[in-house]
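The next block is protein.cif, given as mmCIF, C-alpha atoms and all ligand atoms; chains and numbers go by the auth columns.
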data_model
loop_
_atom_site.group_PDB
_atom_site.id
_atom_site.type_symbol
_atom_site.label_atom_id
_atom_site.label_comp_id
_atom_site.label_asym_id
_atom_site.label_seq_id
_atom_site.Cartn_x
_atom_site.Cartn_y
_atom_site.Cartn_z
_atom_site.B_iso_or_equiv
_atom_site.auth_seq_id
_atom_site.auth_asym_id
ATOM 1 C CA MET A 1 -12.326 55.408 14.117 0.00 22 A
ATOM 2 C CA SER A 2 -10.991 55.639 17.663 0.00 23 A
ATOM 3 C CA SER A 3 -9.983 58.735 19.635 0.00 24 A
ATOM 4 C CA VAL A 4 -6.417 60.039 19.383 0.00 25 A
ATOM 5 C CA PRO A 5 -4.285 59.243 22.450 0.00 26 A
ATOM 6 C CA PRO A 6 -3.009 62.372 24.245 0.00 27 A
ATOM 7 C CA ASP A 7 0.384 63.933 23.535 0.00 28 A
ATOM 8 C CA ASP A 8 1.999 62.687 26.738 0.00 29 A
ATOM 9 C CA PRO A 9 5.765 62.967 27.455 0.00 30 A
ATOM 10 C CA ALA A 10 5.645 59.616 29.293 0.00 31 A
ATOM 11 C CA LEU A 11 4.162 58.022 26.155 0.00 32 A
ATOM 12 C CA HIS A 12 7.029 59.423 24.052 0.00 33 A
ATOM 13 C CA LEU A 13 9.464 58.089 26.651 0.00 34 A
ATOM 14 C CA ALA A 14 7.874 54.626 26.457 0.00 35 A
ATOM 15 C CA VAL A 15 8.112 54.554 22.635 0.00 36 A
ATOM 16 C CA ALA A 16 11.714 55.842 22.637 0.00 37 A
ATOM 17 C CA PHE A 17 12.684 53.281 25.286 0.00 38 A
ATOM 18 C CA VAL A 18 11.063 50.403 23.355 0.00 39 A
ATOM 19 C CA ASN A 19 12.881 51.508 20.191 0.00 40 A
ATOM 20 C CA THR A 20 16.352 51.282 21.728 0.00 41 A
ATOM 21 C CA TYR A 21 16.261 47.962 19.883 0.00 42 A
ATOM 22 C CA ASP A 22 16.230 49.070 16.249 0.00 43 A
ATOM 23 C CA LEU A 23 17.091 46.775 13.337 0.00 44 A
ATOM 24 C CA LEU A 24 18.247 49.789 11.305 0.00 45 A
ATOM 25 C CA GLU A 25 21.004 50.432 13.886 0.00 46 A
ATOM 26 C CA ASP A 26 24.292 48.552 14.065 0.00 47 A
ATOM 27 C CA PRO A 27 24.247 46.803 16.463 0.00 48 A
ATOM 28 C CA PRO A 28 20.425 46.735 16.742 0.00 49 A
ATOM 29 C CA ASP A 29 20.424 46.770 20.540 0.00 50 A
ATOM 30 C CA TYR A 30 21.891 50.121 21.561 0.00 51 A
ATOM 31 C CA LEU A 31 20.324 50.319 25.002 0.00 52 A
ATOM 32 C CA THR A 32 22.623 51.343 27.834 0.00 53 A
ATOM 33 C CA ALA A 33 21.708 52.458 31.343 0.00 54 A
ATOM 34 C CA GLU A 34 23.069 55.882 30.442 0.00 55 A
ATOM 35 C CA ARG A 35 20.874 56.076 27.323 0.00 56 A
ATOM 36 C CA ALA A 36 17.784 55.046 29.302 0.00 57 A
ATOM 37 C CA GLY A 37 18.662 57.778 31.794 0.00 58 A
ATOM 38 C CA ARG A 38 19.046 60.372 29.052 0.00 59 A
ATOM 39 C CA LEU A 39 15.651 59.436 27.601 0.00 60 A
ATOM 40 C CA ALA A 40 14.038 59.698 31.056 0.00 61 A
ATOM 41 C CA ASP A 41 15.643 63.108 31.493 0.00 62 A
ATOM 42 C CA ARG A 42 14.567 64.332 28.043 0.00 63 A
ATOM 43 C CA PHE A 43 10.939 63.321 28.611 0.00 64 A
ATOM 44 C CA GLY A 44 10.488 64.937 31.988 0.00 65 A
ATOM 45 C CA GLN A 45 11.707 62.274 34.430 0.00 66 A
ATOM 46 C CA PRO A 46 15.135 63.541 35.586 0.00 67 A
ATOM 47 C CA ASP A 47 14.735 61.842 38.980 0.00 68 A
ATOM 48 C CA LEU A 48 14.718 58.465 37.175 0.00 69 A
ATOM 49 C CA ALA A 49 17.881 59.244 35.222 0.00 70 A
ATOM 50 C CA ALA A 50 20.352 59.559 38.096 0.00 71 A
ATOM 51 C CA PRO A 51 19.904 56.196 39.844 0.00 72 A
ATOM 52 C CA LEU A 52 20.147 53.975 36.714 0.00 73 A
ATOM 53 C CA ARG A 53 23.398 51.995 36.709 0.00 74 A
ATOM 54 C CA HIS A 54 25.215 49.775 34.220 0.00 75 A
ATOM 55 C CA ALA A 55 24.310 46.819 36.473 0.00 76 A
ATOM 56 C CA ASP A 56 20.652 47.550 35.653 0.00 77 A
ATOM 57 C CA LEU A 57 21.110 46.828 31.937 0.00 78 A
ATOM 58 C CA ASP A 58 19.744 43.265 31.930 0.00 79 A
ATOM 59 C CA ALA A 59 16.739 44.358 34.002 0.00 80 A
ATOM 60 C CA LEU A 60 16.160 47.307 31.644 0.00 81 A
ATOM 61 C CA ARG A 61 16.242 44.981 28.635 0.00 82 A
ATOM 62 C CA ALA A 62 13.754 42.602 30.276 0.00 83 A
ATOM 63 C CA VAL A 63 11.313 45.477 30.872 0.00 84 A
ATOM 64 C CA ARG A 64 11.855 46.924 27.386 0.00 85 A
ATOM 65 C CA ASP A 65 11.278 43.588 25.653 0.00 86 A
ATOM 66 C CA ARG A 66 8.005 43.105 27.549 0.00 87 A
ATOM 67 C CA LEU A 67 6.875 46.641 26.660 0.00 88 A
ATOM 68 C CA TYR A 68 7.588 45.854 22.995 0.00 89 A
ATOM 69 C CA GLY A 69 4.994 43.070 23.184 0.00 90 A
ATOM 70 C CA VAL A 70 2.283 45.717 23.602 0.00 91 A
ATOM 71 C CA PHE A 71 3.209 47.049 20.137 0.00 92 A
ATOM 72 C CA ALA A 72 4.043 43.773 18.438 0.00 93 A
ATOM 73 C CA ALA A 73 1.185 41.482 19.497 0.00 94 A
ATOM 74 C CA ASP A 74 -1.075 40.532 16.577 0.00 95 A
ATOM 75 C CA THR A 75 -4.399 40.943 18.360 0.00 96 A
ATOM 76 C CA ASP A 76 -6.056 43.372 20.767 0.00 97 A
ATOM 77 C CA ASP A 77 -6.190 40.636 23.402 0.00 98 A
ATOM 78 C CA GLY A 78 -2.496 39.964 22.849 0.00 99 A
ATOM 79 C CA LYS A 79 -1.659 43.642 23.368 0.00 100 A
ATOM 80 C CA LEU A 80 -3.681 43.715 26.584 0.00 101 A
ATOM 81 C CA ALA A 81 -2.004 40.523 27.796 0.00 102 A
ATOM 82 C CA ALA A 82 1.412 42.052 27.040 0.00 103 A
ATOM 83 C CA LEU A 83 0.507 45.168 29.035 0.00 104 A
ATOM 84 C CA ASP A 84 -0.643 42.965 31.894 0.00 105 A
ATOM 85 C CA ASP A 85 2.668 41.126 31.723 0.00 106 A
ATOM 86 C CA VAL A 86 4.639 44.394 32.064 0.00 107 A
ATOM 87 C CA LEU A 87 2.540 45.524 35.030 0.00 108 A
ATOM 88 C CA ALA A 88 3.078 42.174 36.777 0.00 109 A
ATOM 89 C CA HIS A 89 6.783 42.123 35.917 0.00 110 A
ATOM 90 C CA VAL A 90 7.426 45.542 37.497 0.00 111 A
ATOM 91 C CA ASP A 91 5.096 44.729 40.426 0.00 112 A
ATOM 92 C CA ALA A 92 2.927 47.788 39.720 0.00 113 A
ATOM 93 C CA ARG A 93 0.105 48.937 42.003 0.00 114 A
ATOM 94 C CA ALA A 94 -2.935 51.145 41.407 0.00 115 A
ATOM 95 C CA ARG A 95 -2.464 54.461 43.189 0.00 116 A
ATOM 96 C CA MET A 96 -3.917 57.969 43.026 0.00 117 A
ATOM 97 C CA ARG A 97 -1.352 60.335 41.455 0.00 118 A
ATOM 98 C CA ASP A 98 -2.081 63.966 40.577 0.00 119 A
ATOM 99 C CA GLY A 99 -5.816 63.369 40.932 0.00 120 A
ATOM 100 C CA ARG A 100 -6.011 60.303 38.701 0.00 121 A
ATOM 101 C CA LEU A 101 -5.632 56.559 38.991 0.00 122 A
ATOM 102 C CA ALA A 102 -2.144 55.463 37.913 0.00 123 A
ATOM 103 C CA ALA A 103 -0.037 52.310 37.815 0.00 124 A
ATOM 104 C CA VAL A 104 3.093 52.920 39.916 0.00 125 A
ATOM 105 C CA ALA A 105 5.943 50.709 41.092 0.00 126 A
ATOM 106 C CA ALA A 106 5.547 49.416 44.628 0.00 127 A
ATOM 107 C CA ASP A 107 9.159 50.220 45.558 0.00 128 A
ATOM 108 C CA ALA A 108 11.952 52.679 44.688 0.00 129 A
ATOM 109 C CA ASP A 109 13.859 50.430 42.264 0.00 130 A
ATOM 110 C CA PRO A 110 14.583 52.737 39.284 0.00 131 A
ATOM 111 C CA VAL A 111 14.065 50.055 36.612 0.00 132 A
ATOM 112 C CA ARG A 112 10.673 49.053 38.008 0.00 133 A
ATOM 113 C CA ARG A 113 9.732 52.740 38.390 0.00 134 A
ATOM 114 C CA LEU A 114 10.657 53.395 34.747 0.00 135 A
ATOM 115 C CA GLY A 115 8.775 50.278 33.626 0.00 136 A
ATOM 116 C CA ALA A 116 5.669 51.214 35.600 0.00 137 A
ATOM 117 C CA LEU A 117 5.771 54.772 34.253 0.00 138 A
ATOM 118 C CA CYS A 118 5.965 53.487 30.651 0.00 139 A
ATOM 119 C CA ALA A 119 3.260 50.855 31.228 0.00 140 A
ATOM 120 C CA ASP A 120 1.009 53.495 32.794 0.00 141 A
ATOM 121 C CA ALA A 121 1.471 55.764 29.756 0.00 142 A
ATOM 122 C CA LEU A 122 0.644 52.877 27.411 0.00 143 A
ATOM 123 C CA ALA A 123 -2.423 51.999 29.494 0.00 144 A
ATOM 124 C CA ARG A 124 -3.691 55.590 29.318 0.00 145 A
ATOM 125 C CA ALA A 125 -3.133 55.745 25.543 0.00 146 A
ATOM 126 C CA MET A 126 -4.912 52.416 25.199 0.00 147 A
ATOM 127 C CA ALA A 127 -7.808 53.574 27.357 0.00 148 A
ATOM 128 C CA VAL A 128 -8.363 56.509 24.980 0.00 149 A
ATOM 129 C CA GLY A 129 -7.503 55.044 21.571 0.00 150 A
ATOM 130 C CA GLY A 130 -7.844 51.289 22.047 0.00 151 A
ATOM 131 C CA PRO A 131 -5.181 48.620 21.500 0.00 152 A
ATOM 132 C CA GLY A 132 -5.373 49.079 17.714 0.00 153 A
ATOM 133 C CA ARG A 133 -3.417 52.338 18.054 0.00 154 A
ATOM 134 C CA PHE A 134 -0.279 50.308 18.862 0.00 155 A
ATOM 135 C CA GLY A 135 1.741 48.800 16.045 0.00 156 A
ATOM 136 C CA THR A 136 5.159 48.047 14.587 0.00 157 A
ATOM 137 C CA CYS A 137 6.703 49.658 11.525 0.00 158 A
ATOM 138 C CA ALA A 138 5.874 48.186 8.118 0.00 159 A
ATOM 139 C CA GLY A 139 9.134 49.605 6.675 0.00 160 A
ATOM 140 C CA HIS A 140 11.125 46.376 6.391 0.00 161 A
ATOM 141 C CA PRO A 141 13.529 45.612 8.028 0.00 162 A
ATOM 142 C CA CYS A 142 12.479 48.178 10.665 0.00 163 A
ATOM 143 C CA ARG A 143 10.207 46.732 13.356 0.00 164 A
ATOM 144 C CA CYS A 144 10.113 49.772 15.666 0.00 165 A
ATOM 145 C CA GLY A 145 6.995 50.326 17.749 0.00 166 A
ATOM 146 C CA TYR A 146 4.699 53.326 17.380 0.00 167 A
ATOM 147 C CA VAL A 147 1.515 54.707 18.900 0.00 168 A
ATOM 148 C CA ASP A 148 -0.729 55.965 16.111 0.00 169 A
ATOM 149 C CA ARG A 149 -1.753 59.503 17.059 0.00 170 A
ATOM 150 C CA THR A 150 -3.094 60.422 13.613 0.00 171 A
ATOM 151 C CA ARG A 151 -6.731 61.398 13.368 0.00 172 A
ATOM 152 C CA ALA A 152 -7.545 58.696 10.806 0.00 173 A
ATOM 153 C CA GLY A 153 -5.672 55.993 12.745 0.00 174 A
ATOM 154 C CA ARG A 154 -4.053 54.410 9.684 0.00 175 A
ATOM 155 C CA GLN A 155 -0.359 54.831 10.537 0.00 176 A
ATOM 156 C CA ARG A 156 1.901 52.036 9.228 0.00 177 A
ATOM 157 C CA PHE A 157 5.412 53.398 9.749 0.00 178 A
ATOM 158 C CA CYS A 158 7.331 54.425 12.860 0.00 179 A
ATOM 159 C CA CYS A 159 8.595 57.645 11.278 0.00 180 A
ATOM 160 C CA GLN A 160 8.715 59.735 8.097 0.00 181 A
ATOM 161 C CA LEU A 161 12.107 58.259 7.216 0.00 182 A
ATOM 162 C CA CYS A 162 10.699 54.715 7.069 0.00 183 A
ATOM 163 C CA ASN A 163 7.695 55.973 5.103 0.00 184 A
ATOM 164 C CA ASP A 164 9.998 57.651 2.530 0.00 185 A
ATOM 165 C CA ARG A 165 12.399 54.691 2.448 0.00 186 A
ATOM 166 C CA THR A 166 9.547 52.292 1.637 0.00 187 A
ATOM 167 C CA ALA A 167 8.024 54.641 -0.953 0.00 188 A
ATOM 168 C CA ALA A 168 11.417 54.973 -2.686 0.00 189 A
ATOM 169 C CA ALA A 169 11.869 51.181 -2.728 0.00 190 A
ATOM 170 C CA ALA A 170 8.384 50.725 -4.207 0.00 191 A
ATOM 171 C CA TYR A 171 9.159 53.365 -6.851 0.00 192 A
ATOM 172 C CA ARG A 172 12.404 51.595 -7.847 0.00 193 A
ATOM 173 C CA GLN A 173 10.504 48.300 -7.983 0.00 194 A
ATOM 174 C CA ARG A 174 7.906 49.793 -10.357 0.00 195 A
ATOM 175 C CA ARG A 175 10.626 51.221 -12.617 0.00 196 A
ATOM 176 C CA ARG A 176 12.238 47.810 -12.899 0.00 197 A
ATOM 177 C CA VAL A 177 8.929 46.174 -13.819 0.00 198 A
ATOM 178 C CA ASN A 178 7.997 48.758 -16.489 0.00 199 A
HETATM 179 ZN ZN ZN B . 10.433 52.248 10.986 0.00 1 B
#
Show me the file's structure as structure tokens.
Amino acid sequence: MSSVPPDDPALHLAVAFVNTYDLLEDPPDYLTAERAGRLADRFGQPDLAAPLRHADLDALRAVRDRLYGVFAADTDDGKLAALDDVLAHVDARARMRDGRLAAVAADADPVRRLGALCADALARAMAVGGPGRFGTCAGHPCRCGYVDRTRAGRQRFCCQLCNDRTAAAAYRQRRRVN
């Protein structure tokens, strides 16, 4: 049993950003520059919200889809490789920030700054809890990413709704069989 990753606003931002592609939504991809900005603002990064523009949307998607690989890869090595890929993609550097080592973007580009911030949060969670704390929802058709912050480390769903949805479907299935 691994340690529980810390309750970090940047980690919540990373998960919320990754899950702007959600198969339970119509259309599944509901990312906009404005939405990314609102998420940044909500999770304590208001300075990242203002400079994001509609023209950044393709770049935002490219970063988001790479971040998703950290959740979706089948193996620990795959999750690490996906994290490495994000860090390279946003051209992140190791710097001292607030008395700790952090991955930060080398320039002021808001998309790369957001990507580096999310990748840094994932790296910190992974350093504490290991890659096995990252997963994607088992509540078909949902494939949203989650970071398992339960003590036991046996989370399978992204949220209570998906947990309940799957339990209800299993219950109906049993009733049909009996
Ligand atoms: Zn789900």
| said: List as an MDAnalysis selection string the protein and nucleic acid residues lying within 10 Å of ligand ZN 1 (chain B), with all atoms listed in the file counted. | reply: chainID A and resid 40 43:45 157:167 177:184 186:187
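For the pair CA of Asp62 in chain A and CA of Asp28 in chain A, the interatomic distance is 17.2 Å.
When the PyMOL selection byres (((chain A and resi 29) around 12) and not hetatm) is run on the displayed coordinates, the residues it returns are A:Val25, A:Pro26, A:Pro27, A:Asp28, A:Pro30, A:Ala31, A:Leu32, A:His33, A:Leu34, A:Ala35, A:Val36, A:Phe64, A:Gly65, A:Leu138, A:Cys139, A:Asp141, A:Ala142, A:Leu143, A:Ala144, A:Arg145, A:Ala146, A:Val168, A:Arg170.
Reported to one decimal place, the separation of CA of Val125 in chain A from CA of Tyr89 in chain A is 18.9 Å.
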| Between A:Tyr51, A:Gly156, A:Pro67, A:Leu104, which one has atoms that come closest to Ala124 in chain A, using all atoms listed in the file? |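 Of the candidates, the smallest distance to Ala124 in chain A is held by A:Leu104.
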Produce the centre coordinates and the three edge lengths, each in Å to one decimal, of the box along x, y and z that contains all listed atoms of range 121-124 of chain A with 6 Å added on each side, as AutoDock Vina command-line options.
--center_x -3.0 --center_y 56.3 --center_z 38.4 --size_x 18.0 --size_y 20.0 --size_z 13.2
Got a sec to resolve the PyMOL selection byres (((chain A and resi 100) around 10) and not hetatm) on this structure and send the residues as a short mmCIF file (atom, residue, chain, number, x, y, z; two decimals) with C-alpha atoms, in the frame of the given file?
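Resulting contents of result.cif:
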data_model
loop_
_atom_site.label_atom_id
_atom_site.label_comp_id
_atom_site.auth_asym_id
_atom_site.auth_seq_id
_atom_site.Cartn_x
_atom_site.Cartn_y
_atom_site.Cartn_z
CA LEU A 88 6.88 46.64 26.66
CA TYR A 89 7.59 45.85 23.00
CA GLY A 90 4.99 43.07 23.18
CA VAL A 91 2.28 45.72 23.60
CA PHE A 92 3.21 47.05 20.14
CA ALA A 93 4.04 43.77 18.44
CA ALA A 94 1.18 41.48 19.50
CA ASP A 95 -1.08 40.53 16.58
CA THR A 96 -4.40 40.94 18.36
CA ASP A 97 -6.06 43.37 20.77
CA ASP A 98 -6.19 40.64 23.40
CA GLY A 99 -2.50 39.96 22.85
CA LEU A 101 -3.68 43.72 26.58
CA ALA A 102 -2.00 40.52 27.80
CA ALA A 103 1.41 42.05 27.04
CA LEU A 104 0.51 45.17 29.04
CA ASP A 105 -0.64 42.96 31.89
CA ASP A 106 2.67 41.13 31.72
CA MET A 147 -4.91 52.42 25.20
CA GLY A 151 -7.84 51.29 22.05
CA PRO A 152 -5.18 48.62 21.50
CA GLY A 153 -5.37 49.08 17.71
CA PHE A 155 -0.28 50.31 18.86
CA GLY A 156 1.74 48.80 16.05
#
| field | One-decimal distance in Å that lies between CA of Asp112 in chain A and CA of Gly58 in chain A | value |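 Separation of CA of Gly58 in chain A and CA of Asp112 in chain A: 20.7 Å.
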Let me know the residues the PyMOL selection byres (((chain A and resi 69-80) around 8) and not hetatm) catches in the file above, as an mmCIF file with C-alpha atoms, keeping the file's coordinate frame.
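Okay, out.cif is ready:
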data_model
loop_
_atom_site.group_PDB
_atom_site.id
_atom_site.type_symbol
_atom_site.label_atom_id
_atom_site.label_comp_id
_atom_site.auth_asym_id
_atom_site.auth_seq_id
_atom_site.Cartn_x
_atom_site.Cartn_y
_atom_site.Cartn_z
ATOM 1 C CA LEU A 52 20.324 50.319 25.002
ATOM 2 C CA THR A 53 22.623 51.343 27.834
ATOM 3 C CA ALA A 54 21.708 52.458 31.343
ATOM 4 C CA GLU A 55 23.069 55.882 30.442
ATOM 5 C CA ALA A 57 17.784 55.046 29.302
ATOM 6 C CA GLY A 58 18.662 57.778 31.794
ATOM 7 C CA ARG A 59 19.046 60.372 29.052
ATOM 8 C CA LEU A 60 15.651 59.436 27.601
ATOM 9 C CA ALA A 61 14.038 59.698 31.056
ATOM 10 C CA ASP A 62 15.643 63.108 31.493
ATOM 11 C CA GLN A 66 11.707 62.274 34.430
ATOM 12 C CA PRO A 67 15.135 63.541 35.586
ATOM 13 C CA ASP A 68 14.735 61.842 38.980
ATOM 14 C CA LEU A 81 16.160 47.307 31.644
ATOM 15 C CA ARG A 82 16.242 44.981 28.635
ATOM 16 C CA ALA A 83 13.754 42.602 30.276
ATOM 17 C CA VAL A 84 11.313 45.477 30.872
ATOM 18 C CA PRO A 131 14.583 52.737 39.284
ATOM 19 C CA VAL A 132 14.065 50.055 36.612
ATOM 20 C CA ARG A 134 9.732 52.740 38.390
ATOM 21 C CA LEU A 135 10.657 53.395 34.747
#
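Minimum atom-to-atom distances from A:Arg87, A:Arg154, A:Ala109, A:Tyr42 to Arg172 in chain A were compared using all atoms listed in the file, and the lowest value belongs to A:Arg154.
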| task | Identify which of the residues A:Arg56, A:Arg63, A:His110, A:Arg196 lies closest to Ala137 in chain A, counting all atoms listed in the file when measuring atom-to-atom distances. | result |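 The answer is A:His110, which sits nearest to Ala137 in chain A.
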Mind rebuilding range 54-77 of chain A with N, CA and C atoms and writing that out as a PDB file, in the coordinates of the input?
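Produced file selection-v3.pdb, reproduced below:
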ATOM      1  N   ALA A  54      22.351  51.805  30.196  1.00  0.00           N
ATOM      2  CA  ALA A  54      21.708  52.458  31.343  1.00  0.00           C
ATOM      3  C   ALA A  54      21.773  53.975  31.177  1.00  0.00           C
ATOM      4  N   GLU A  55      22.901  54.441  30.633  1.00  0.00           N
ATOM      5  CA  GLU A  55      23.069  55.882  30.442  1.00  0.00           C
ATOM      6  C   GLU A  55      22.043  56.410  29.427  1.00  0.00           C
ATOM      7  N   ARG A  56      21.839  55.638  28.341  1.00  0.00           N
ATOM      8  CA  ARG A  56      20.874  56.076  27.323  1.00  0.00           C
ATOM      9  C   ARG A  56      19.455  56.094  27.890  1.00  0.00           C
ATOM     10  N   ALA A  57      19.112  55.062  28.670  1.00  0.00           N
ATOM     11  CA  ALA A  57      17.784  55.046  29.302  1.00  0.00           C
ATOM     12  C   ALA A  57      17.618  56.266  30.199  1.00  0.00           C
ATOM     13  N   GLY A  58      18.702  56.603  30.920  1.00  0.00           N
ATOM     14  CA  GLY A  58      18.662  57.778  31.794  1.00  0.00           C
ATOM     15  C   GLY A  58      18.475  59.069  31.014  1.00  0.00           C
ATOM     16  N   ARG A  59      19.174  59.165  29.875  1.00  0.00           N
ATOM     17  CA  ARG A  59      19.046  60.372  29.052  1.00  0.00           C
ATOM     18  C   ARG A  59      17.633  60.516  28.503  1.00  0.00           C
ATOM     19  N   LEU A  60      17.035  59.395  28.101  1.00  0.00           N
ATOM     20  CA  LEU A  60      15.651  59.436  27.601  1.00  0.00           C
ATOM     21  C   LEU A  60      14.704  59.887  28.719  1.00  0.00           C
ATOM     22  N   ALA A  61      14.886  59.318  29.917  1.00  0.00           N
ATOM     23  CA  ALA A  61      14.038  59.698  31.056  1.00  0.00           C
ATOM     24  C   ALA A  61      14.158  61.196  31.317  1.00  0.00           C
ATOM     25  N   ASP A  62      15.391  61.688  31.253  1.00  0.00           N
ATOM     26  CA  ASP A  62      15.643  63.108  31.493  1.00  0.00           C
ATOM     27  C   ASP A  62      14.965  63.966  30.424  1.00  0.00           C
ATOM     28  N   ARG A  63      15.113  63.548  29.154  1.00  0.00           N
ATOM     29  CA  ARG A  63      14.567  64.332  28.043  1.00  0.00           C
ATOM     30  C   ARG A  63      13.039  64.421  28.111  1.00  0.00           C
ATOM     31  N   PHE A  64      12.404  63.345  28.598  1.00  0.00           N
ATOM     32  CA  PHE A  64      10.939  63.321  28.611  1.00  0.00           C
ATOM     33  C   PHE A  64      10.371  63.569  30.007  1.00  0.00           C
ATOM     34  N   GLY A  65      11.075  64.399  30.766  1.00  0.00           N
ATOM     35  CA  GLY A  65      10.488  64.937  31.988  1.00  0.00           C
ATOM     36  C   GLY A  65      10.599  64.093  33.235  1.00  0.00           C
ATOM     37  N   GLN A  66      11.538  63.112  33.239  1.00  0.00           N
ATOM     38  CA  GLN A  66      11.707  62.274  34.430  1.00  0.00           C
ATOM     39  C   GLN A  66      13.163  62.287  34.894  1.00  0.00           C
ATOM     40  N   PRO A  67      13.719  63.477  35.214  1.00  0.00           N
ATOM     41  CA  PRO A  67      15.135  63.541  35.586  1.00  0.00           C
ATOM     42  C   PRO A  67      15.454  62.739  36.854  1.00  0.00           C
ATOM     43  N   ASP A  68      14.479  62.583  37.732  1.00  0.00           N
ATOM     44  CA  ASP A  68      14.735  61.842  38.980  1.00  0.00           C
ATOM     45  C   ASP A  68      14.958  60.351  38.710  1.00  0.00           C
ATOM     46  N   LEU A  69      14.492  59.867  37.536  1.00  0.00           N
ATOM     47  CA  LEU A  69      14.718  58.465  37.175  1.00  0.00           C
ATOM     48  C   LEU A  69      16.085  58.276  36.532  1.00  0.00           C
ATOM     49  N   ALA A  70      16.638  59.351  35.987  1.00  0.00           N
ATOM     50  CA  ALA A  70      17.881  59.244  35.222  1.00  0.00           C
ATOM     51  C   ALA A  70      19.068  58.937  36.137  1.00  0.00           C
ATOM     52  N   ALA A  71      19.165  59.648  37.240  1.00  0.00           N
ATOM     53  CA  ALA A  71      20.352  59.559  38.096  1.00  0.00           C
ATOM     54  C   ALA A  71      20.610  58.160  38.654  1.00  0.00           C
ATOM     55  N   PRO A  72      19.585  57.458  39.165  1.00  0.00           N
ATOM     56  CA  PRO A  72      19.904  56.196  39.844  1.00  0.00           C
ATOM     57  C   PRO A  72      20.153  54.999  38.938  1.00  0.00           C
ATOM     58  N   LEU A  73      19.939  55.135  37.612  1.00  0.00           N
ATOM     59  CA  LEU A  73      20.147  53.975  36.714  1.00  0.00           C
ATOM     60  C   LEU A  73      21.637  53.681  36.568  1.00  0.00           C
ATOM     61  N   ARG A  74      21.999  52.420  36.740  1.00  0.00           N
ATOM     62  CA  ARG A  74      23.398  51.995  36.709  1.00  0.00           C
ATOM     63  C   ARG A  74      23.609  50.955  35.620  1.00  0.00           C
ATOM     64  N   HIS A  75      24.879  50.787  35.220  1.00  0.00           N
ATOM     65  CA  HIS A  75      25.215  49.775  34.220  1.00  0.00           C
ATOM     66  C   HIS A  75      24.721  48.391  34.659  1.00  0.00           C
ATOM     67  N   ALA A  76      24.759  48.121  35.950  1.00  0.00           N
ATOM     68  CA  ALA A  76      24.310  46.819  36.473  1.00  0.00           C
ATOM     69  C   ALA A  76      22.817  46.591  36.229  1.00  0.00           C
ATOM     70  N   ASP A  77      22.096  47.654  35.903  1.00  0.00           N
ATOM     71  CA  ASP A  77      20.652  47.550  35.653  1.00  0.00           C
ATOM     72  C   ASP A  77      20.342  47.135  34.217  1.00  0.00           C
TER      73      ASP A  77
END
